[in-house]
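A.B. asks: This is run_29.txt (compact mmCIF, C-alpha atoms).
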```txt
# COMPACT_ATOMS: atom_id res chain seq x y z
CA MET A 1 -39.88 -8.63 -55.13
CA THR A 2 -36.33 -7.57 -54.21
CA VAL A 3 -33.37 -9.94 -54.16
CA ASP A 4 -33.27 -9.90 -50.34
CA ALA A 5 -37.02 -10.44 -50.05
CA ALA A 6 -36.95 -13.37 -52.49
CA GLY A 7 -34.03 -14.89 -50.57
CA ALA A 8 -35.90 -14.51 -47.28
CA VAL A 9 -38.90 -16.34 -48.76
CA GLU A 10 -36.67 -19.23 -49.76
CA ILE A 11 -35.00 -19.35 -46.34
CA ARG A 12 -38.45 -19.46 -44.72
CA ARG A 13 -39.56 -22.34 -46.95
CA ALA A 14 -36.33 -24.24 -46.32
CA LEU A 15 -36.71 -23.90 -42.55
CA ALA A 16 -40.19 -25.39 -42.74
CA ARG A 17 -38.82 -28.29 -44.79
CA LEU A 18 -35.89 -28.73 -42.38
CA ARG A 19 -38.21 -29.06 -39.38
CA ARG A 20 -40.59 -31.37 -41.26
CA THR A 21 -37.91 -33.77 -42.52
CA THR A 22 -35.65 -33.82 -39.46
CA GLY A 23 -38.17 -33.54 -36.64
CA LEU A 24 -36.09 -30.77 -35.07
CA PRO A 25 -38.37 -28.41 -33.13
CA VAL A 26 -36.44 -25.22 -33.89
CA ALA A 27 -34.95 -23.83 -37.09
CA PHE A 28 -33.65 -20.40 -38.06
CA GLY A 29 -31.41 -18.83 -40.66
CA GLY A 30 -30.49 -15.91 -42.85
CA LEU A 31 -28.42 -14.63 -45.73
CA VAL A 32 -24.95 -13.13 -45.89
CA GLU A 33 -25.21 -9.36 -45.87
CA ALA A 34 -23.94 -7.67 -49.02
CA GLY A 35 -20.40 -6.38 -48.61
CA ARG A 36 -20.03 -7.74 -45.08
CA PRO A 37 -18.44 -10.96 -43.74
CA GLN A 38 -21.51 -11.83 -41.67
CA ILE A 39 -24.95 -13.34 -41.89
CA ARG A 40 -28.07 -11.72 -40.49
CA ILE A 41 -30.57 -14.13 -38.94
CA SER A 42 -33.88 -13.01 -40.43
CA GLU A 43 -36.15 -16.05 -40.27
CA LEU A 44 -37.27 -18.07 -37.23
CA SER A 45 -39.36 -21.23 -37.11
CA GLY A 46 -40.49 -22.94 -33.92
CA THR A 47 -38.74 -20.49 -31.60
CA ALA A 48 -40.21 -19.39 -28.26
CA THR A 49 -38.44 -16.01 -28.14
CA THR A 50 -36.99 -13.44 -30.55
CA SER A 51 -33.51 -13.55 -29.01
CA LEU A 52 -31.99 -14.78 -32.28
CA LEU A 53 -33.88 -12.44 -34.63
CA ALA A 54 -31.65 -9.93 -36.47
CA LEU A 55 -28.54 -11.39 -34.82
CA ALA A 56 -25.46 -10.61 -36.94
CA VAL A 57 -23.10 -13.59 -37.00
CA THR A 58 -19.58 -12.78 -38.11
CA SER A 59 -17.62 -15.25 -40.24
CA GLY A 60 -15.54 -17.46 -37.98
CA ASN A 61 -17.52 -16.75 -34.81
CA GLY A 62 -19.91 -19.20 -33.19
CA LEU A 63 -21.32 -22.22 -34.98
CA GLY A 64 -22.81 -20.31 -37.90
CA GLY A 65 -19.69 -18.22 -38.36
CA LYS A 66 -17.60 -21.38 -38.43
CA THR A 67 -19.93 -22.79 -41.10
CA VAL A 68 -19.51 -19.62 -43.18
CA ALA A 69 -15.71 -19.70 -42.83
CA LEU A 70 -15.39 -23.39 -43.71
CA ALA A 71 -18.29 -23.52 -46.21
CA ARG A 72 -19.38 -26.87 -44.80
CA PRO A 73 -21.95 -28.18 -42.29
CA CYS A 74 -21.06 -28.07 -38.61
CA ALA A 75 -22.83 -29.34 -35.49
CA VAL A 76 -22.37 -29.35 -31.72
CA ALA A 77 -24.05 -31.62 -29.18
CA ASP A 78 -24.09 -28.95 -26.44
CA TYR A 79 -23.65 -25.41 -27.69
CA SER A 80 -22.66 -23.65 -24.47
CA LEU A 81 -20.08 -26.28 -23.49
CA SER A 82 -18.59 -27.00 -26.92
CA ARG A 83 -14.88 -26.41 -27.39
CA GLN A 84 -15.24 -26.59 -31.18
CA ILE A 85 -16.64 -23.07 -31.50
CA SER A 86 -16.22 -19.58 -30.03
CA HIS A 87 -18.95 -18.30 -27.75
CA GLU A 88 -19.86 -14.74 -28.75
CA TYR A 89 -23.55 -15.65 -29.13
CA ASP A 90 -24.08 -17.83 -26.06
CA ALA A 91 -26.55 -15.39 -24.47
CA ALA A 92 -28.90 -15.36 -27.47
CA VAL A 93 -28.71 -19.15 -27.83
CA ALA A 94 -29.27 -19.71 -24.10
CA ALA A 95 -32.26 -17.33 -24.06
CA GLU A 96 -33.95 -19.60 -26.60
CA GLY A 97 -32.96 -22.66 -24.53
CA LEU A 98 -31.03 -24.37 -27.34
CA ARG A 99 -28.42 -27.05 -26.66
CA SER A 100 -27.80 -29.32 -29.67
CA VAL A 101 -27.41 -27.22 -32.84
CA LEU A 102 -26.44 -27.81 -36.47
CA ALA A 103 -25.66 -25.27 -39.18
CA VAL A 104 -25.47 -25.87 -42.93
CA PRO A 105 -24.24 -23.35 -45.50
CA VAL A 106 -26.10 -22.19 -48.58
CA VAL A 107 -23.36 -22.15 -51.21
CA VAL A 108 -23.80 -20.62 -54.67
CA ARG A 109 -20.90 -20.53 -57.12
CA ARG A 110 -18.44 -21.44 -54.37
CA ARG A 111 -19.57 -18.55 -52.17
CA VAL A 112 -21.55 -18.91 -48.96
CA ARG A 113 -24.77 -16.93 -49.35
CA GLY A 114 -26.58 -17.99 -46.20
CA VAL A 115 -26.87 -20.44 -43.31
CA LEU A 116 -29.68 -22.69 -42.07
CA TYR A 117 -29.73 -23.81 -38.43
CA GLY A 118 -31.64 -26.61 -36.76
CA ALA A 119 -31.69 -27.20 -33.01
CA LEU A 120 -32.89 -29.22 -30.03
CA ARG A 121 -33.49 -28.01 -26.49
CA ASP A 122 -31.63 -31.00 -25.03
CA ALA A 123 -27.99 -32.00 -25.37
CA ARG A 124 -27.46 -35.01 -27.63
CA PRO A 125 -25.62 -35.72 -30.88
CA LEU A 126 -27.43 -35.09 -34.15
CA GLY A 127 -27.10 -38.05 -36.51
CA ASP A 128 -26.01 -38.18 -40.13
CA ARG A 129 -29.59 -38.56 -41.40
CA THR A 130 -30.58 -35.32 -39.68
CA LEU A 131 -27.58 -33.50 -41.09
CA SER A 132 -28.24 -34.86 -44.59
CA ALA A 133 -31.86 -33.69 -44.46
CA ALA A 134 -30.69 -30.23 -43.42
CA VAL A 135 -28.24 -30.15 -46.32
CA ASP A 136 -31.06 -31.08 -48.70
CA ALA A 137 -33.09 -28.13 -47.41
CA ALA A 138 -30.13 -25.84 -48.07
CA ARG A 139 -29.92 -27.16 -51.64
CA ASP A 140 -33.45 -25.83 -52.26
CA VAL A 141 -32.30 -22.35 -51.32
CA GLU A 142 -29.19 -22.66 -53.47
CA GLN A 143 -31.25 -23.59 -56.53
CA ALA A 144 -33.60 -20.66 -56.02
CA LEU A 145 -30.70 -18.22 -55.61
CA VAL A 146 -29.04 -19.56 -58.78
CA VAL A 147 -32.27 -19.00 -60.70
CA GLY A 148 -32.55 -15.45 -59.37
CA ASP A 149 -28.94 -14.71 -60.28
CA GLU A 150 -29.40 -16.04 -63.80
CA VAL A 151 -32.57 -14.01 -64.34
CA ARG A 152 -30.76 -10.82 -63.37
CA GLU A 153 -27.72 -11.65 -65.52
CA VAL A 154 -29.88 -12.40 -68.54
CA LEU A 155 -31.81 -9.16 -68.16
CA VAL A 156 -28.58 -7.18 -67.84
CA ALA A 157 -27.17 -8.86 -70.95
CA ALA A 158 -30.36 -8.16 -72.88
CA ARG A 159 -30.28 -4.47 -71.98
CA ALA A 160 -26.57 -4.20 -72.74
CA GLU A 161 -26.94 -5.53 -76.30
CA PRO A 162 -29.93 -3.74 -77.83
CA GLY A 163 -30.63 -4.86 -81.36
CA GLN A 164 -27.92 -7.49 -81.39
CA GLY A 165 -30.26 -10.36 -82.20
CA ASP A 166 -27.67 -12.26 -84.21
CA GLY A 167 -24.62 -11.56 -82.06
CA ALA A 168 -22.77 -13.84 -79.65
CA ALA A 169 -24.09 -11.92 -76.63
CA TRP A 170 -27.69 -12.43 -77.72
CA GLU A 171 -27.01 -16.12 -78.31
CA GLN A 172 -25.96 -16.35 -74.67
CA VAL A 173 -29.24 -14.69 -73.73
CA ARG A 174 -31.10 -17.33 -75.72
CA GLU A 175 -29.19 -20.15 -74.03
CA ALA A 176 -29.90 -18.70 -70.61
CA HIS A 177 -33.58 -18.29 -71.54
CA THR A 178 -33.72 -22.00 -72.38
CA ALA A 179 -32.06 -22.96 -69.09
CA LEU A 180 -34.38 -20.76 -67.07
CA ARG A 181 -37.53 -22.16 -68.69
CA ALA A 182 -36.30 -25.67 -67.91
CA LEU A 183 -35.69 -24.69 -64.28
CA ALA A 184 -39.04 -22.97 -63.75
CA PRO A 185 -41.21 -26.09 -63.26
CA ARG A 186 -38.84 -27.28 -60.49
CA ILE A 187 -39.32 -24.11 -58.40
CA GLY A 188 -41.68 -24.89 -55.55
CA ASP A 189 -42.66 -21.34 -54.62
CA PRO A 190 -45.47 -20.20 -57.00
CA ALA A 191 -44.58 -16.51 -56.68
CA LEU A 192 -40.92 -17.08 -57.51
CA ARG A 193 -41.84 -19.41 -60.38
CA ALA A 194 -44.21 -16.79 -61.82
CA GLU A 195 -41.54 -14.12 -61.47
CA LEU A 196 -39.07 -16.31 -63.33
CA LEU A 197 -41.51 -16.96 -66.18
CA ASP A 198 -42.33 -13.24 -66.36
CA ALA A 199 -38.62 -12.53 -66.80
CA CYS A 200 -38.47 -15.10 -69.59
CA ALA A 201 -41.42 -13.41 -71.27
CA LEU A 202 -39.63 -10.06 -71.08
CA LEU A 203 -36.64 -11.57 -72.86
CA ALA A 204 -38.81 -12.90 -75.66
CA GLY A 205 -40.86 -9.72 -75.95
CA ASP A 206 -38.38 -7.82 -78.13
CA ALA A 207 -38.75 -10.14 -81.10
CA GLY A 208 -41.12 -7.71 -82.88
CA PRO A 209 -44.76 -7.77 -83.97
CA ALA A 210 -46.21 -10.92 -85.49
CA LYS A 211 -49.37 -12.97 -85.50
CA GLU A 212 -50.61 -14.08 -82.12
CA VAL A 213 -49.96 -17.75 -81.34
CA ALA A 214 -51.00 -19.39 -78.08
CA LEU A 215 -48.60 -22.15 -77.04
CA ALA A 216 -48.91 -24.19 -73.87
CA PRO A 217 -46.08 -23.61 -71.35
CA ARG A 218 -44.59 -27.07 -71.99
CA GLU A 219 -44.76 -26.57 -75.78
CA LEU A 220 -42.77 -23.39 -75.32
CA ASP A 221 -40.31 -25.18 -73.02
CA VAL A 222 -39.69 -27.80 -75.70
CA LEU A 223 -39.23 -25.16 -78.40
CA ALA A 224 -36.75 -23.29 -76.20
CA CYS A 225 -34.69 -26.48 -75.90
CA VAL A 226 -34.90 -27.08 -79.64
CA ALA A 227 -33.82 -23.48 -80.30
CA ALA A 228 -30.72 -24.16 -78.19
CA GLY A 229 -29.87 -27.16 -80.37
CA ALA A 230 -31.09 -29.88 -78.03
CA THR A 231 -32.19 -33.25 -79.37
CA ASN A 232 -35.48 -34.74 -78.19
CA ALA A 233 -33.58 -36.92 -75.72
CA VAL A 234 -31.65 -33.98 -74.28
CA ALA A 235 -34.82 -31.87 -74.06
CA ALA A 236 -36.57 -34.73 -72.27
CA ASP A 237 -33.74 -34.93 -69.74
CA ARG A 238 -33.78 -31.19 -69.11
CA LEU A 239 -37.52 -31.03 -68.67
CA GLY A 240 -37.93 -34.26 -66.72
CA VAL A 241 -40.30 -35.90 -69.20
CA SER A 242 -40.03 -38.73 -71.72
CA ALA A 243 -38.74 -38.32 -75.27
CA GLU A 244 -42.18 -39.33 -76.57
CA THR A 245 -43.75 -36.54 -74.55
CA VAL A 246 -41.26 -34.08 -76.04
CA LYS A 247 -42.22 -35.28 -79.53
CA ALA A 248 -45.91 -34.78 -78.77
CA TYR A 249 -45.36 -31.24 -77.50
CA LEU A 250 -43.18 -30.44 -80.49
CA ARG A 251 -45.76 -31.75 -82.97
CA SER A 252 -48.47 -29.69 -81.30
CA ALA A 253 -46.32 -26.54 -81.33
CA MET A 254 -45.41 -27.04 -85.00
CA ARG A 255 -49.08 -27.43 -85.89
CA LYS A 256 -50.06 -24.24 -84.07
CA LEU A 257 -47.19 -22.32 -85.66
CA GLY A 258 -47.88 -23.68 -89.14
CA ALA A 259 -44.34 -25.08 -89.32
CA GLY A 260 -43.22 -28.18 -91.19
CA THR A 261 -39.89 -28.67 -89.42
CA ARG A 262 -38.32 -28.07 -86.03
CA GLY A 263 -36.28 -25.21 -87.42
CA GLU A 264 -39.29 -23.54 -88.97
CA ALA A 265 -41.10 -23.82 -85.65
CA VAL A 266 -38.27 -22.02 -83.85
CA VAL A 267 -38.21 -19.24 -86.46
CA ALA A 268 -41.99 -18.87 -86.28
CA ALA A 269 -41.90 -18.73 -82.48
CA ARG A 270 -39.27 -16.01 -82.58
CA ARG A 271 -41.29 -14.01 -85.10
CA ALA A 272 -44.29 -14.35 -82.81
CA GLY A 273 -42.29 -12.99 -79.91
CA LEU A 274 -42.41 -16.27 -78.00
CA LEU A 275 -38.65 -16.90 -78.01
CA PRO A 276 -35.72 -14.46 -77.87
```
Go ahead and render the structure in this file as structure tokens.

C.D. replies:
Amino acid sequence: MTVDAAGAVEIRRALARLRRTTGLPVAFGGLVEAGRPQIRISELSGTATTSLLALAVTSGNGLGGKTVALARPCAVADYSLSRQISHEYDAAVAAEGLRSVLAVPVVVRRRVRGVLYGALRDARPLGDRTLSAAVDAARDVEQALVVGDEVREVLVAARAEPGQGDGAAWEQVREAHTALRALAPRIGDPALRAELLDACALLAGDAGPAKEVALAPRELDVLACVAAGATNAVAADRLGVSAETVKAYLRSAMRKLGAGTRGEAVVAARRAGLLP
């Protein structure tokens, strides 16, 4: 799955959540095009026409462009009559019959990466609860994009430092591997979650031949945290479980690996190719 395709999937999921949690009948959105100061509306939900599909919204123009430029949510109670925005896209908006519209940015590392819109076909103010729910939907997209970025960065770092298993660069790869495994269970889209775990497996796959050991996903998550120096309490916080649960997973992993200590378990897991 390409970066753009994965982003489109997340936009689509976020639009469904936005409509479900806000009750707004129409939602649409898209990502910022690479190298261009504009977003391309690629996903529609609840629309009656395709007037908005593939529309390129330039930063600063219209409601979405204003959201991109300011990197904050914006809303208008009557799009065509609003004096708060410019009106380059009035025809497309009117063709869909939209009046009250909100736009929230998807911001990753202080850069706007996309915009989600929600709309009504009548003119009335959209309340704070509606705007907050839309912002929450945008946060889902942000988290998924962060995960995708980190996967790519880790893979680049791994390829750039062949054989440097004890170097500082490889230690960063290990830390990122731990963070990614902790994030994986919180990804709602099964395909994206599987892709993330596959990338983690690729990182661990260079550890060399060793005896086969089958660890449960959560046992491996705990070991990844331990390998990064986390205490049981810190690992529990990262993984969203209790410290007692972490201890249970760790004991089980140690038993399977034939290890007597946490450190021995990490070494054994790396020899088995389960950790980078």

A.B. asks: Name the residues in contact with Val93 in chain A at a cut-off of 10 Å, using all atoms listed in the file, excluding same-chain residues fewer than 5 positions from it; report them as a list in words.

C.D. replies: Ser51, Leu52, Tyr79, Ser80, His87, Glu88, Leu98, Arg99 and Val101 of chain A

A.B. asks: Can you measure CA of Pro37 in chain A to CA of Ala137 in chain A for me? One decimal in Å is fine.

C.D. replies: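 Spanning CA of Pro37 in chain A to CA of Ala137 in chain A is a straight-line distance of 22.9 Å.
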
A.B. asks: Under the rule that only C-alpha atoms are counted, which of A:Ser82, A:Thr50, A:Ala56, A:Tyr117 is the nearest residue to Val26 in chain A?

C.D. replies: A:Tyr117

A.B. asks: A:Thr261, A:Ser252, A:Ser100, A:Ser86: which is nearest Gly65 in chain A, counting all atoms listed in the file?

C.D. replies: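 Of all the options, A:Ser86 lies closest to Gly65 in chain A.
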
A.B. asks: Find, counting all atoms listed in the file, the residue in A:Gly118, A:Gly23, A:Gly229, A:Gly263 that gets nearest to Thr178 in chain A.

C.D. replies: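 The closest residue to Thr178 in chain A is A:Gly229.
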
A.B. asks: Using only C-alpha atoms, which residues sit within 12 Å of Arg19 in chain A once same-chain residues fewer than 5 positions away are excluded, as a PyMOL selection string?

C.D. replies: chain A and resi 12-14+24-28+44-47+116-120+130-131+133-134+136-137

A.B. asks: Can you spit out the residues from that selection as a PDB file, in the coordinates of the input, using C-alpha atoms?

C.D. replies:
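The result, written out as out-v2.pdb:
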```
ATOM      1  CA  ARG A  12     -38.450 -19.460 -44.720  1.00  0.00           C
ATOM      2  CA  ARG A  13     -39.560 -22.340 -46.950  1.00  0.00           C
ATOM      3  CA  ALA A  14     -36.330 -24.240 -46.320  1.00  0.00           C
ATOM      4  CA  LEU A  24     -36.090 -30.770 -35.070  1.00  0.00           C
ATOM      5  CA  PRO A  25     -38.370 -28.410 -33.130  1.00  0.00           C
ATOM      6  CA  VAL A  26     -36.440 -25.220 -33.890  1.00  0.00           C
ATOM      7  CA  ALA A  27     -34.950 -23.830 -37.090  1.00  0.00           C
ATOM      8  CA  PHE A  28     -33.650 -20.400 -38.060  1.00  0.00           C
ATOM      9  CA  LEU A  44     -37.270 -18.070 -37.230  1.00  0.00           C
ATOM     10  CA  SER A  45     -39.360 -21.230 -37.110  1.00  0.00           C
ATOM     11  CA  GLY A  46     -40.490 -22.940 -33.920  1.00  0.00           C
ATOM     12  CA  THR A  47     -38.740 -20.490 -31.600  1.00  0.00           C
ATOM     13  CA  LEU A 116     -29.680 -22.690 -42.070  1.00  0.00           C
ATOM     14  CA  TYR A 117     -29.730 -23.810 -38.430  1.00  0.00           C
ATOM     15  CA  GLY A 118     -31.640 -26.610 -36.760  1.00  0.00           C
ATOM     16  CA  ALA A 119     -31.690 -27.200 -33.010  1.00  0.00           C
ATOM     17  CA  LEU A 120     -32.890 -29.220 -30.030  1.00  0.00           C
ATOM     18  CA  THR A 130     -30.580 -35.320 -39.680  1.00  0.00           C
ATOM     19  CA  LEU A 131     -27.580 -33.500 -41.090  1.00  0.00           C
ATOM     20  CA  ALA A 133     -31.860 -33.690 -44.460  1.00  0.00           C
ATOM     21  CA  ALA A 134     -30.690 -30.230 -43.420  1.00  0.00           C
ATOM     22  CA  ASP A 136     -31.060 -31.080 -48.700  1.00  0.00           C
ATOM     23  CA  ALA A 137     -33.090 -28.130 -47.410  1.00  0.00           C
TER      24      ALA A 137
END
```

A.B. asks: Report, in Å to a single decimal, how far apart CA of Val266 in chain A and CA of Leu250 in chain A are.

C.D. replies: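 Here the two named atoms are 10.3 Å from each other.
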